[in-house]
file entry.cif (mmCIF, C-alpha atoms)
data_run
loop_
_atom_site.label_atom_id
_atom_site.label_comp_id
_atom_site.auth_asym_id
_atom_site.auth_seq_id
_atom_site.Cartn_x
_atom_site.Cartn_y
_atom_site.Cartn_z
CA MET A 164 104.10 83.49 198.18
CA ASN A 165 101.76 86.35 197.58
CA THR A 166 99.87 88.23 200.28
CA PRO A 167 96.56 86.28 200.11
CA THR A 168 98.42 82.96 200.28
CA ASN A 169 100.46 84.18 203.25
CA PHE A 170 97.26 85.27 204.98
CA ILE A 171 95.60 81.89 204.39
CA VAL A 172 98.65 79.96 205.59
CA ILE A 173 98.99 82.10 208.73
CA ALA A 174 95.27 81.81 209.46
CA ALA A 175 95.33 78.03 208.98
CA LEU A 176 98.33 77.71 211.30
CA LEU A 177 96.64 79.89 213.89
CA VAL A 178 93.49 77.75 213.80
CA LEU A 179 95.62 74.60 214.02
CA ILE A 180 97.54 75.94 217.04
CA ILE A 181 94.32 76.88 218.80
CA ALA A 182 92.80 73.47 218.04
CA VAL A 183 95.90 71.67 219.38
CA PHE A 184 95.77 73.82 222.52
CA VAL A 185 92.09 73.06 223.09
CA LEU A 186 92.52 69.33 222.43
CA SER A 187 95.60 69.06 224.66
CA ARG A 188 93.70 70.40 227.68
CA ARG A 189 91.21 67.54 227.69
CA THR A 190 91.48 64.74 230.19
CA GLN A 191 89.71 61.43 230.51
CA GLU A 192 87.41 62.74 233.24
CA GLU A 193 85.97 65.36 230.89
CA GLN A 194 84.13 62.89 228.67
CA PHE A 195 80.46 63.11 227.72
CA ASP A 196 77.89 61.63 230.08
CA GLU A 197 75.09 59.31 228.94
CA ARG A 198 72.54 62.09 228.50
CA GLN A 199 74.95 64.10 226.37
CA LEU A 200 75.72 61.06 224.21
CA ARG A 201 71.99 60.50 223.65
CA VAL A 202 71.48 64.16 222.69
CA ARG A 203 74.51 64.06 220.38
CA ALA A 204 73.13 60.95 218.70
CA ASP A 205 69.88 62.83 218.09
CA ALA A 206 71.87 65.79 216.77
CA PHE A 207 73.82 63.54 214.38
CA ARG A 208 70.55 62.06 213.14
CA ILE A 209 68.97 65.48 212.62
CA GLY A 210 72.16 66.76 210.98
CA PHE A 211 72.22 63.74 208.67
CA PHE A 212 68.63 64.31 207.56
CA SER A 213 69.28 68.02 207.06
CA MET A 214 72.23 67.05 204.85
CA LEU A 215 70.00 64.69 202.88
CA GLY A 216 67.42 67.45 202.47
CA ALA A 217 70.07 69.92 201.34
CA VAL A 218 71.50 67.43 198.84
CA LEU A 219 68.02 66.69 197.48
CA ALA A 220 67.39 70.42 197.14
CA MET A 221 70.75 70.72 195.40
CA MET A 222 69.77 67.98 192.93
CA VAL A 223 66.50 69.75 192.14
CA LEU A 224 68.21 73.12 191.76
CA PHE A 225 70.79 71.70 189.37
CA SER A 226 68.03 70.54 187.06
CA TRP A 227 67.04 74.21 186.69
CA LYS A 228 69.14 75.96 184.01
CA PRO A 229 69.27 79.46 185.59
CA TRP A 230 70.68 77.94 188.78
CA VAL A 231 73.37 76.06 186.87
CA ASP A 232 74.34 79.28 185.09
CA MET A 233 74.54 81.27 188.35
CA VAL A 234 75.93 78.91 191.02
CA ASP A 235 79.03 76.70 191.12
CA PRO A 236 78.31 73.09 192.22
CA LEU A 237 81.11 73.17 194.80
CA PHE A 238 79.52 76.19 196.50
CA THR A 239 76.21 74.35 196.77
CA LEU A 240 77.87 71.24 198.16
CA ILE A 241 79.72 73.23 200.83
CA ALA A 242 76.45 75.04 201.62
CA ALA A 243 74.84 71.65 202.30
CA VAL A 244 77.70 70.72 204.64
CA MET A 245 77.47 74.08 206.45
CA ILE A 246 73.70 73.68 206.90
CA SER A 247 74.22 70.23 208.39
CA PHE A 248 77.00 71.48 210.68
CA LEU A 249 74.85 74.41 211.79
CA VAL A 250 71.91 72.14 212.64
CA PHE A 251 74.16 69.79 214.62
CA ALA A 252 75.95 72.59 216.48
CA ILE A 253 72.82 74.53 217.42
CA TYR A 254 71.00 71.40 218.60
CA CYS A 255 73.95 70.28 220.73
CA ILE A 256 74.63 73.73 222.18
CA THR A 257 71.01 74.34 223.13
CA HIS A 258 70.73 70.88 224.72
CA ASP A 259 74.00 71.12 226.71
CA ALA A 260 75.71 68.37 224.71
CA PHE A 261 78.25 70.28 222.63
CA PHE A 262 80.93 70.39 225.31
CA ARG A 263 82.36 67.67 227.47
CA ARG A 264 81.73 67.81 231.19
CA LYS A 265 83.75 70.58 232.86
CA GLU A 266 84.78 71.98 229.46
CA LYS A 267 84.68 75.74 229.01
CA PRO A 268 82.87 77.10 225.93
CA ALA A 269 85.07 80.22 225.77
CA SER A 270 87.82 78.43 223.80
CA TYR A 271 85.32 77.27 221.19
CA LEU A 272 83.89 80.76 221.04
CA LEU A 273 87.36 82.10 220.26
CA ILE A 274 87.82 79.48 217.53
CA CYS A 275 84.45 80.41 216.01
CA ILE A 276 85.34 84.09 216.06
CA GLY A 277 88.74 83.36 214.51
CA VAL A 278 87.28 81.26 211.69
CA MET A 279 84.57 83.87 211.13
CA LEU A 280 87.09 86.73 210.94
CA VAL A 281 89.39 84.87 208.54
CA ASN A 282 86.53 84.03 206.18
CA LEU A 283 84.91 87.45 206.33
CA GLY A 284 88.32 89.08 205.84
CA ALA A 285 88.87 87.04 202.68
CA ALA A 286 85.38 87.94 201.47
CA LEU A 287 85.94 91.65 202.16
CA LYS A 288 89.14 91.50 200.14
CA ASN A 289 87.16 90.19 197.17
CA ILE A 290 84.47 92.82 197.67
CA LYS A 291 87.19 95.46 197.74
CA ASN A 292 88.45 94.13 194.39
CA GLY A 293 84.98 94.82 192.99
CA THR A 294 82.92 91.66 192.76
CA LEU A 295 81.58 88.64 194.57
CA LEU A 296 80.99 86.71 191.36
CA VAL A 297 83.58 84.86 189.32
CA ASP A 298 82.64 84.84 185.64
CA GLY A 299 79.09 85.70 186.66
CA LYS A 300 78.77 82.74 189.04
CA VAL A 301 78.53 82.38 192.79
CA THR A 302 81.66 80.41 193.69
CA LEU A 303 83.33 79.07 196.78
CA THR A 304 86.08 81.68 197.01
CA PRO A 305 84.23 84.93 197.73
CA CYS A 306 80.66 83.78 198.42
CA GLY A 307 81.70 80.61 200.23
CA ASN A 308 83.79 82.72 202.58
CA ILE A 309 80.73 84.80 203.40
CA MET A 310 78.66 81.66 203.94
CA MET A 311 81.26 80.04 206.22
CA GLY A 312 81.84 83.28 208.10
CA GLY A 313 78.08 83.61 208.57
CA THR A 314 77.81 80.01 209.75
CA PHE A 315 80.47 80.49 212.41
CA LEU A 316 78.94 83.85 213.34
CA ILE A 317 75.64 82.09 214.05
CA VAL A 318 77.43 79.42 216.11
CA ALA A 319 79.27 82.15 218.03
CA ILE A 320 76.00 83.95 218.73
CA VAL A 321 74.32 80.74 219.94
CA LEU A 322 77.35 79.97 222.14
CA THR A 323 77.30 83.48 223.59
CA VAL A 324 73.58 83.34 224.33
CA LYS A 325 73.97 79.90 225.93
CA MET A 326 76.92 81.08 228.04
CA LEU A 327 74.93 84.10 229.25
CA ALA A 328 71.89 81.95 230.02
CA ASP A 329 74.02 79.45 231.95
CA ARG A 330 75.69 82.24 233.90
CA ARG A 331 72.29 83.67 234.79
CA GLU A 332 71.11 80.23 235.97
CA GLU A 333 74.20 79.84 238.17
CA GLU A 334 73.60 83.25 239.77
CA GLU A 335 70.02 82.33 240.68
#

call {"tool": "encode", "arguments": {"input": "entry.cif", "output": "structure tokens"}}
result
Amino acid sequence: MNTPTNFIVIAALLVLIIAVFVLSRRTQEEQFDERQLRVRADAFRIGFFSMLGAVLAMMVLFSWKPWVDMVDPLFTLIAAVMISFLVFAIYCITHDAFFRRKEKPASYLLICIGVMLVNLGAALKNIKNGTLLVDGKVTLTPCGNIMMGGTFLIVAIVLTVKMLADRREEEE
């Protein structure tokens, strides 16, 4: 295996280990309450419609020749998924429905930071090699890494702000 493949495999294993650790700490008493389930249902609905909007925008953009020449379809599809995920995550975090009862957001914050660092590290490697474009197109490998890193950076920022706001409320 070459160095980038080793890095990707190690990063994927690290994320998997962290996810298993977080999932193993859950118990039955830490489930979502009724209010959280209602908010999550709203978040799924909003996320679904944001995905539909992004896919419709993608369809319109792919009827425009300059877009087709500049952007890979897979990048656009993943961008639609990331937009939908971002809408869902921000809505749930801001409405206290992202975490189960008694669940600590710090572990998710660490996962977000880990995913962000892995993606931005891969993107920086491509920037160091001289380009973000592959054959003159925006593709998933370098530009998608930036997009995913940015998405998880935004989620990490929202989580941090929410954690600070909750801590301030508890102190008052």

call {"tool": "residues_near_point", "arguments": {"input": "entry.cif", "point": "(85.0, 88.4, 206.3)", "cutoff": "12 Å", "atoms": "only C-alpha atoms", "output": "PyMOL selection string"}}
result
chain A and resi 276-291+304-316

call {"tool": "residues_around", "arguments": {"input": "entry.cif", "residues": "stretch 209-212 of chain A", "least_positions_apart": "2", "cutoff": "12 Å", "atoms": "only C-alpha atoms", "output": "MDAnalysis selection string"}}
result
chainID A and resid 202:207 214:219 243:255

call {"tool": "write_last_selection", "arguments": {"input": "entry.cif", "atoms": "C-alpha atoms", "output": "compact mmCIF listing (two decimals), in the frame of the given file"}}
result
# COMPACT_ATOMS: atom_id res chain seq x y z
CA VAL A 202 71.48 64.16 222.69
CA ARG A 203 74.51 64.06 220.38
CA ALA A 204 73.13 60.95 218.70
CA ASP A 205 69.88 62.83 218.09
CA ALA A 206 71.87 65.79 216.77
CA PHE A 207 73.82 63.54 214.38
CA MET A 214 72.23 67.05 204.85
CA LEU A 215 70.00 64.69 202.88
CA GLY A 216 67.42 67.45 202.47
CA ALA A 217 70.07 69.92 201.34
CA VAL A 218 71.50 67.43 198.84
CA LEU A 219 68.02 66.69 197.48
CA ALA A 243 74.84 71.65 202.30
CA VAL A 244 77.70 70.72 204.64
CA MET A 245 77.47 74.08 206.45
CA ILE A 246 73.70 73.68 206.90
CA SER A 247 74.22 70.23 208.39
CA PHE A 248 77.00 71.48 210.68
CA LEU A 249 74.85 74.41 211.79
CA VAL A 250 71.91 72.14 212.64
CA PHE A 251 74.16 69.79 214.62
CA ALA A 252 75.95 72.59 216.48
CA ILE A 253 72.82 74.53 217.42
CA TYR A 254 71.00 71.40 218.60
CA CYS A 255 73.95 70.28 220.73

call {"tool": "atom_distance", "arguments": {"input": "entry.cif", "atom1": "atom CA of A:Ala174", "atom2": "atom CA of A:Arg264"}}
result
29.2 Å

call {"tool": "atom_distance", "arguments": {"input": "entry.cif", "atom1": "atom CA of A:Ser270", "atom2": "atom CA of A:Val321"}}
result
14.2 Å

call {"tool": "residues_around", "arguments": {"input": "entry.cif", "residues": "A:Val301", "least_positions_apart": "4", "cutoff": "7 Å", "atoms": "only C-alpha atoms", "output": "ChimeraX atom specification"}}
result
/A:233-235,296-297,306

call {"tool": "residues_around", "arguments": {"input": "entry.cif", "residues": "A:Trp230", "least_positions_apart": "3", "cutoff": "12 Å", "atoms": "only C-alpha atoms", "output": "PyMOL selection string"}}
result
chain A and resi 220-227+233-236+238-239+299-301

call {"tool": "closest_residue", "arguments": {"input": "entry.cif", "among": "A:Ile256, A:Glu335, A:Ser213, A:Arg263", "to": "A:Ile317", "atoms": "only C-alpha atoms"}}
result
A:Ile256

call {"tool": "atom_distance", "arguments": {"input": "entry.cif", "atom1": "atom CA of A:Leu295", "atom2": "atom CA of A:Leu237"}}
result
15.5 Å

call {"tool": "residues_around", "arguments": {"input": "entry.cif", "residues": "A:Thr323", "least_positions_apart": "5", "cutoff": "10 Å", "atoms": "all atoms listed in the file", "output": "short mmCIF file (atom, residue, chain, number, x, y, z; two decimals) with C-alpha atoms, in the coordinates of the input"}}
result
data_model
loop_
_atom_site.label_atom_id
_atom_site.label_comp_id
_atom_site.auth_asym_id
_atom_site.auth_seq_id
_atom_site.Cartn_x
_atom_site.Cartn_y
_atom_site.Cartn_z
CA PRO A 268 82.87 77.10 225.93
CA ALA A 269 85.07 80.22 225.77
CA LEU A 272 83.89 80.76 221.04
CA ILE A 317 75.64 82.09 214.05
CA VAL A 318 77.43 79.42 216.11
CA ALA A 328 71.89 81.95 230.02
CA ASP A 329 74.02 79.45 231.95
#

call {"tool": "closest_residue", "arguments": {"input": "entry.cif", "among": "A:Leu303, A:Met326, A:Leu273, A:Arg331", "to": "A:Ile241", "atoms": "all atoms listed in the file"}}
result
A:Leu303

call {"tool": "residues_around", "arguments": {"input": "entry.cif", "residues": "A:Val185", "least_positions_apart": "2", "cutoff": "12 Å", "atoms": "only C-alpha atoms", "output": "PDB file with C-alpha atoms, in the coordinates of the input"}}
result
ATOM      1  CA  VAL A 178      93.490  77.750 213.800  1.00  0.00           C
ATOM      2  CA  LEU A 179      95.620  74.600 214.020  1.00  0.00           C
ATOM      3  CA  ILE A 180      97.540  75.940 217.040  1.00  0.00           C
ATOM      4  CA  ILE A 181      94.320  76.880 218.800  1.00  0.00           C
ATOM      5  CA  ALA A 182      92.800  73.470 218.040  1.00  0.00           C
ATOM      6  CA  VAL A 183      95.900  71.670 219.380  1.00  0.00           C
ATOM      7  CA  SER A 187      95.600  69.060 224.660  1.00  0.00           C
ATOM      8  CA  ARG A 188      93.700  70.400 227.680  1.00  0.00           C
ATOM      9  CA  ARG A 189      91.210  67.540 227.690  1.00  0.00           C
ATOM     10  CA  THR A 190      91.480  64.740 230.190  1.00  0.00           C
ATOM     11  CA  PHE A 262      80.930  70.390 225.310  1.00  0.00           C
ATOM     12  CA  ARG A 263      82.360  67.670 227.470  1.00  0.00           C
ATOM     13  CA  GLU A 266      84.780  71.980 229.460  1.00  0.00           C
ATOM     14  CA  LYS A 267      84.680  75.740 229.010  1.00  0.00           C
ATOM     15  CA  PRO A 268      82.870  77.100 225.930  1.00  0.00           C
ATOM     16  CA  ALA A 269      85.070  80.220 225.770  1.00  0.00           C
ATOM     17  CA  SER A 270      87.820  78.430 223.800  1.00  0.00           C
ATOM     18  CA  TYR A 271      85.320  77.270 221.190  1.00  0.00           C
ATOM     19  CA  LEU A 272      83.890  80.760 221.040  1.00  0.00           C
ATOM     20  CA  LEU A 273      87.360  82.100 220.260  1.00  0.00           C
ATOM     21  CA  ILE A 274      87.820  79.480 217.530  1.00  0.00           C
TER      22      ILE A 274
END
